[in-house]
$ cat start_13.csv   # CSV, C-alpha atoms
chain,number,residue,atom,x,y,z
K,14,MET,CA,-40.1,-10.3,6.3
K,15,ALA,CA,-38.2,-8.3,3.7
K,16,THR,CA,-34.5,-9.0,3.9
K,17,LYS,CA,-31.7,-6.8,2.8
K,18,ILE,CA,-28.0,-7.4,2.2
K,19,ARG,CA,-26.2,-4.4,3.6
K,20,LEU,CA,-23.0,-3.1,5.2
K,21,GLN,CA,-22.6,-2.9,8.9
K,22,ARG,CA,-20.0,-0.3,10.0
K,23,HIS,CA,-17.1,-1.2,12.2
K,24,GLY,CA,-13.7,0.4,12.9
K,25,ARG,CA,-12.6,3.7,14.3
K,26,LYS,CA,-13.2,7.3,13.0
K,27,GLY,CA,-11.5,7.8,9.7
K,28,TYR,CA,-10.8,4.1,9.3
K,29,ALA,CA,-14.1,2.3,8.8
K,30,PHE,CA,-14.4,-1.2,7.6
K,31,TYR,CA,-17.7,-3.1,7.1
K,32,ALA,CA,-19.3,-6.4,7.6
K,33,ILE,CA,-21.6,-7.6,4.8
K,34,VAL,CA,-24.8,-8.9,6.6
K,35,ILE,CA,-28.2,-10.1,5.9
K,36,ALA,CA,-30.7,-8.1,8.0
K,37,ASP,CA,-34.4,-7.2,8.2
K,38,SER,CA,-35.0,-4.1,6.1
K,39,ARG,CA,-36.5,-2.3,9.1
K,40,ALA,CA,-33.4,-3.0,11.3
K,41,PRO,CA,-30.9,-0.1,11.8
K,42,ARG,CA,-27.6,-0.1,10.0
K,43,ASP,CA,-25.5,-1.4,12.9
K,44,GLY,CA,-28.4,-3.2,14.6
K,45,LYS,CA,-29.5,-6.9,14.7
K,46,PHE,CA,-28.8,-9.0,11.7
K,47,ILE,CA,-29.6,-12.5,10.5
K,48,GLU,CA,-26.3,-13.7,9.1
K,49,LYS,CA,-22.8,-12.3,8.4
K,50,ILE,CA,-21.7,-13.3,5.0
K,51,GLY,CA,-18.4,-11.4,4.6
K,52,THR,CA,-16.3,-8.3,5.2
K,53,TYR,CA,-15.4,-5.2,3.1
K,54,ASN,CA,-12.4,-3.0,3.8
K,55,PRO,CA,-12.2,0.1,1.5
K,56,ASN,CA,-9.0,1.3,3.2
K,57,THR,CA,-6.7,-0.9,1.2
K,58,ASN,CA,-5.7,-0.5,-2.4
K,59,PRO,CA,-7.6,-2.2,-4.1
K,60,ALA,CA,-10.4,-2.6,-1.6
K,61,THR,CA,-10.4,-6.0,0.2
K,62,VAL,CA,-13.5,-8.2,0.1
K,63,ASP,CA,-13.8,-11.4,2.0
K,64,LEU,CA,-17.1,-13.0,0.9
K,65,ASN,CA,-18.8,-16.4,1.6
K,66,PHE,CA,-19.8,-16.8,-2.1
K,67,ASP,CA,-22.2,-19.7,-1.5
K,68,ARG,CA,-24.2,-18.0,1.3
K,69,ALA,CA,-24.3,-14.7,-0.7
K,70,PHE,CA,-25.6,-16.5,-3.8
K,71,LYS,CA,-28.2,-18.4,-1.7
K,72,TRP,CA,-29.5,-15.1,-0.3
K,73,VAL,CA,-29.6,-13.4,-3.7
K,74,MET,CA,-31.5,-16.3,-5.1
K,75,THR,CA,-34.0,-16.2,-2.3
K,76,GLY,CA,-34.8,-12.6,-3.0
K,77,ALA,CA,-32.7,-10.5,-0.5
K,78,GLN,CA,-32.3,-7.0,-1.9
K,79,PRO,CA,-28.7,-5.6,-1.7
K,80,THR,CA,-27.9,-1.9,-1.1
K,81,ASP,CA,-26.2,-0.1,-4.0
K,82,THR,CA,-22.7,-0.6,-2.6
K,83,VAL,CA,-23.3,-4.3,-1.8
K,84,ARG,CA,-24.7,-4.8,-5.3
K,85,ASN,CA,-21.5,-3.5,-6.7
K,86,ILE,CA,-19.4,-5.8,-4.4
K,87,LEU,CA,-21.5,-8.9,-5.3
K,88,SER,CA,-21.3,-8.0,-9.0
K,89,ARG,CA,-17.5,-7.8,-8.8
K,90,GLU,CA,-17.3,-11.1,-6.9
K,91,GLY,CA,-19.4,-12.8,-9.6
K,92,VAL,CA,-22.6,-13.5,-7.6
K,93,TYR,CA,-24.8,-11.8,-10.2
K,94,MET,CA,-22.9,-13.3,-13.1
K,95,LYS,CA,-23.7,-16.8,-11.7
K,96,LYS,CA,-27.3,-15.8,-11.2
K,97,HIS,CA,-27.4,-14.6,-14.8
K,98,LEU,CA,-25.9,-17.8,-16.1
K,99,LEU,CA,-28.3,-20.0,-14.1
K,100,GLY,CA,-31.2,-17.9,-15.5
K,101,GLY,CA,-30.0,-19.0,-19.0
K,102,VAL,CA,-29.9,-22.6,-17.8
K,103,ALA,CA,-33.5,-22.3,-16.5
K,104,LYS,CA,-34.6,-20.9,-19.9
K,105,GLY,CA,-32.9,-23.7,-21.7
K,106,ALA,CA,-30.3,-21.5,-23.6
K,107,PHE,CA,-27.5,-23.8,-22.5
K,108,GLY,CA,-26.7,-26.6,-20.0
K,109,GLU,CA,-25.5,-26.3,-16.4
K,110,ALA,CA,-22.0,-27.7,-17.3
K,111,GLU,CA,-21.6,-25.0,-20.0
K,112,ALA,CA,-22.8,-22.3,-17.5
K,113,GLU,CA,-20.2,-23.5,-15.0
K,114,ALA,CA,-17.5,-23.4,-17.7
K,115,LYS,CA,-18.5,-19.9,-18.7
K,116,PHE,CA,-18.4,-18.8,-15.0
K,117,GLU,CA,-15.0,-20.3,-14.5
K,118,ALA,CA,-13.7,-18.6,-17.7
K,119,TRP,CA,-15.1,-15.2,-16.5
K,120,LYS,CA,-13.5,-15.8,-13.0
K,121,ASN,CA,-10.1,-16.6,-14.5
K,122,ASN,CA,-10.2,-13.6,-16.8
K,123,LYS,CA,-11.1,-11.4,-13.9
K,124,GLN,CA,-8.2,-12.8,-11.8
K,125,SER,CA,-5.7,-12.3,-14.6
K,126,GLY,CA,-6.9,-8.7,-15.1
K,127,LEU,CA,-6.4,-8.1,-11.3
K,128,ALA,CA,-2.9,-9.6,-11.5
K,129,ALA,CA,-2.0,-7.4,-14.5
K,130,LEU,CA,-3.3,-4.3,-12.6
K,131,LYS,CA,-1.2,-5.2,-9.5
K,132,ALA,CA,1.9,-5.7,-11.7
K,133,LYS,CA,1.3,-2.4,-13.3
K,134,GLN,CA,1.0,-0.7,-9.9
K,135,GLU,CA,4.2,-2.3,-8.7
K,136,GLU,CA,6.0,-1.2,-11.9
K,137,ALA,CA,4.8,2.4,-11.4
K,138,LYS,CA,5.9,2.2,-7.8
K,139,LYS,CA,9.4,1.1,-8.8
K,140,ALA,CA,9.7,3.8,-11.5
K,141,GLU,CA,8.6,6.4,-9.0
K,142,ALA,CA,11.2,5.2,-6.4
K,143,LYS,CA,13.9,5.2,-9.1
K,144,ALA,CA,13.0,8.8,-10.2
K,145,ARG,CA,13.1,9.9,-6.5
K,146,LEU,CA,16.6,8.3,-6.1
K,147,GLU,CA,17.9,10.0,-9.3
K,148,ALA,CA,16.5,13.4,-8.1
K,149,GLU,CA,18.1,12.9,-4.7
K,150,LYS,CA,21.5,12.0,-6.3
K,151,LYS,CA,21.3,15.2,-8.4
K,152,VAL,CA,20.6,17.3,-5.3
K,153,ASN,CA,23.5,15.6,-3.4
K,154,GLU,CA,25.9,16.2,-6.3
K,155,ALA,CA,24.8,19.9,-6.4
K,156,LYS,CA,25.4,20.2,-2.6
K,157,ALA,CA,28.8,18.5,-2.8
K,158,LYS,CA,29.8,20.9,-5.7
K,159,ALA,CA,28.7,23.9,-3.6
K,160,VAL,CA,30.6,22.7,-0.6
K,161,ALA,CA,33.8,22.1,-2.7
K,162,GLU,CA,33.5,25.6,-4.2
K,163,LYS,CA,33.1,27.1,-0.8
K,164,LYS,CA,36.2,25.3,0.5
K,165,ALA,CA,38.2,26.4,-2.5
K,166,ALA,CA,37.1,30.0,-1.9
K,167,GLU,CA,38.1,29.8,1.7
K,168,GLU,CA,41.5,28.3,0.9
K,169,ALA,CA,42.0,31.0,-1.8
K,170,ALA,CA,41.1,33.7,0.8
K,171,ASN,CA,43.6,32.2,3.3
K,172,ALA,CA,46.4,31.7,0.8
K,173,PRO,CA,47.2,35.4,0.1
K,174,GLU,CA,47.7,36.1,3.8
K,175,GLU,CA,50.6,33.6,4.1
K,176,THR,CA,52.8,34.9,1.3
K,177,PRO,CA,56.2,34.2,3.0
K,178,GLU,CA,57.2,30.7,2.3
K,179,GLU,CA,59.5,30.2,5.3
K,180,ALA,CA,56.8,31.0,7.9
K,181,PRO,CA,54.5,28.1,7.1
K,182,ALA,CA,57.4,25.6,7.3
K,183,GLU,CA,58.4,26.8,10.8
K,184,GLU,CA,54.8,26.7,12.0
K,185,VAL,CA,54.5,23.1,10.8
K,186,ALA,CA,57.7,22.1,12.6
K,187,THR,CA,56.7,23.8,15.8
K,188,GLU,CA,53.2,22.2,15.7
K,189,GLU,CA,54.6,18.7,15.2
K,190,THR,CA,57.2,18.9,17.9
K,191,PRO,CA,54.8,19.5,20.8
K,192,ALA,CA,52.5,16.8,19.5
K,193,THR,CA,55.2,14.2,19.6
K,194,GLU,CA,56.4,15.3,23.0
K,195,GLU,CA,52.9,14.9,24.3
K,196,ALA,CA,52.5,11.5,22.7
K,197,THR,CA,55.7,10.2,24.2
K,198,PRO,CA,54.7,10.7,27.9
K,199,ALA,CA,51.3,9.1,27.2
K,200,ALA,CA,53.0,6.1,25.7
K,201,GLU,CA,55.3,5.8,28.7
K,202,GLU,CA,52.4,5.9,31.1
K,203,THR,CA,50.7,3.1,29.2
K,204,ALA,CA,53.8,1.0,29.3
K,205,ALA,CA,54.2,1.6,33.1
K,206,GLU,CA,50.7,0.3,33.8

$ encode --input "start_13.csv" --output "C-alpha cells"
Amino acid sequence: MATKIRLQRHGRKGYAFYAIVIADSRAPRDGKFIEKIGTYNPNTNPATVDLNFDRAFKWVMTGAQPTDTVRNILSREGVYMKKHLLGGVAKGAFGEAEAEAKFEAWKNNKQSGLAALKAKQEEAKKAEAKARLEAEKKVNEAKAKAVAEKKAAEEAANAPEETPEEAPAEEVATEETPATEEATPAAEETAAE
C-alpha cells in the first residue's frame, strides 16, 4: 500500500484549516486516513503548524510521500533536515551526537529568526499606529481651526448689528432679572418640601 502525507480540509467556506494526515494514496482528500499527525492553519500570520514531529519523522523514514504543501511544511519544521543529517550519519560523515547538535543549532537559529521577524512586525505595527494617530491629530486640529474661524466670522457678522452700546447692557439686565425670579420660587418649593 502506497502511503501519502497530505492535508485534509476542515473549516468553513473562506476560512479553511487542515489536518495533516497519513492516508492511502487512493483515498479521497477528505476520506479515510491512517493517522493524524498534526494541523495546519494558513489563516494566521504567520501560518500556524502543530505537528507531532516524531510521528512525522517516522512516516517520512518509512517512505510515505508528502504532497508539495506538506513537503514545505515538513521542511520548515525540520523533518527533512533531520532526515538529511541521519543520512550523513549512515554514510559515516559524522557521528549521531554531532548530527543531533547540528539539528539543535539549526532549530535554535530558526527560532531566533522567527522571533526577530515577529519583533519586526510588531515594530511596524506600532509605527503604523503612531502615524495614524499623528494624521488624526492633524485632521482634528484643522477641524478645530475651521470651527474657530467660523465662530469668529459669525461673531463679526453679529457685532455690526448691535452698534449702540446701551442696548446690550439693558438686554443683559432684563435677561438676568427673570432668571433670578424663576430661580427663587423653585428654591422656595424645594425648601417647603

$ closest_residue --input "start_13.csv" --among "K:Leu130, K:Val92, K:Ala60, K:Leu98" --to "Phe30 (chain K)" --atoms "only C-alpha atoms"
K:Ala60

$ closest_residue --input "start_13.csv" --among "K:Ala32, K:Ala103, K:Ala15, K:Ala129" --to "Thr75 (chain K)" --atoms "only C-alpha atoms"
K:Ala15

$ atom_distance --input "start_13.csv" --atom1 "CA of Ala118 (chain K)" --atom2 "CA of Thr52 (chain K)"
25.2 Å

$ closest_residue --input "start_13.csv" --among "K:Pro55, K:Lys45, K:Val83, K:Gly91" --to "Asp67 (chain K)" --atoms "only C-alpha atoms"
K:Gly91

$ residues_near_point --input "start_13.csv" --point "(-15.1, -10.3, -9.9)" --cutoff "9 Å" --atoms "only C-alpha atoms" --output "CSV table (one decimal) with C-alpha atoms, keeping the file's coordinate frame"
chain,number,residue,atom,x,y,z
K,86,ILE,CA,-19.4,-5.8,-4.4
K,87,LEU,CA,-21.5,-8.9,-5.3
K,88,SER,CA,-21.3,-8.0,-9.0
K,89,ARG,CA,-17.5,-7.8,-8.8
K,90,GLU,CA,-17.3,-11.1,-6.9
K,91,GLY,CA,-19.4,-12.8,-9.6
K,92,VAL,CA,-22.6,-13.5,-7.6
K,94,MET,CA,-22.9,-13.3,-13.1
K,119,TRP,CA,-15.1,-15.2,-16.5
K,120,LYS,CA,-13.5,-15.8,-13.0
K,123,LYS,CA,-11.1,-11.4,-13.9
K,124,GLN,CA,-8.2,-12.8,-11.8

$ closest_residue --input "start_13.csv" --among "K:Ala40, K:Tyr31, K:Glu111, K:Thr82" --to "Lys95 (chain K)" --atoms "all atoms listed in the file"
K:Glu111

$ residues_around --input "start_13.csv" --residues "Ile35 (chain K)" --least-positions-apart "2" --cutoff "7 Å" --atoms "all atoms listed in the file" --output "PyMOL selection string"
chain K and resi 16-19+46-49

$ residues_around --input "start_13.csv" --residues "Lys96 (chain K)" --least-positions-apart "6" --cutoff "9 Å" --atoms "only C-alpha atoms" --output "ChimeraX atom specification"
/K:70,73-74

$ atom_distance --input "start_13.csv" --atom1 "CA of Asn121 (chain K)" --atom2 "CA of Ile33 (chain K)"
24.2 Å

$ atom_distance --input "start_13.csv" --atom1 "CA of Ala112 (chain K)" --atom2 "CA of Val34 (chain K)"
27.6 Å
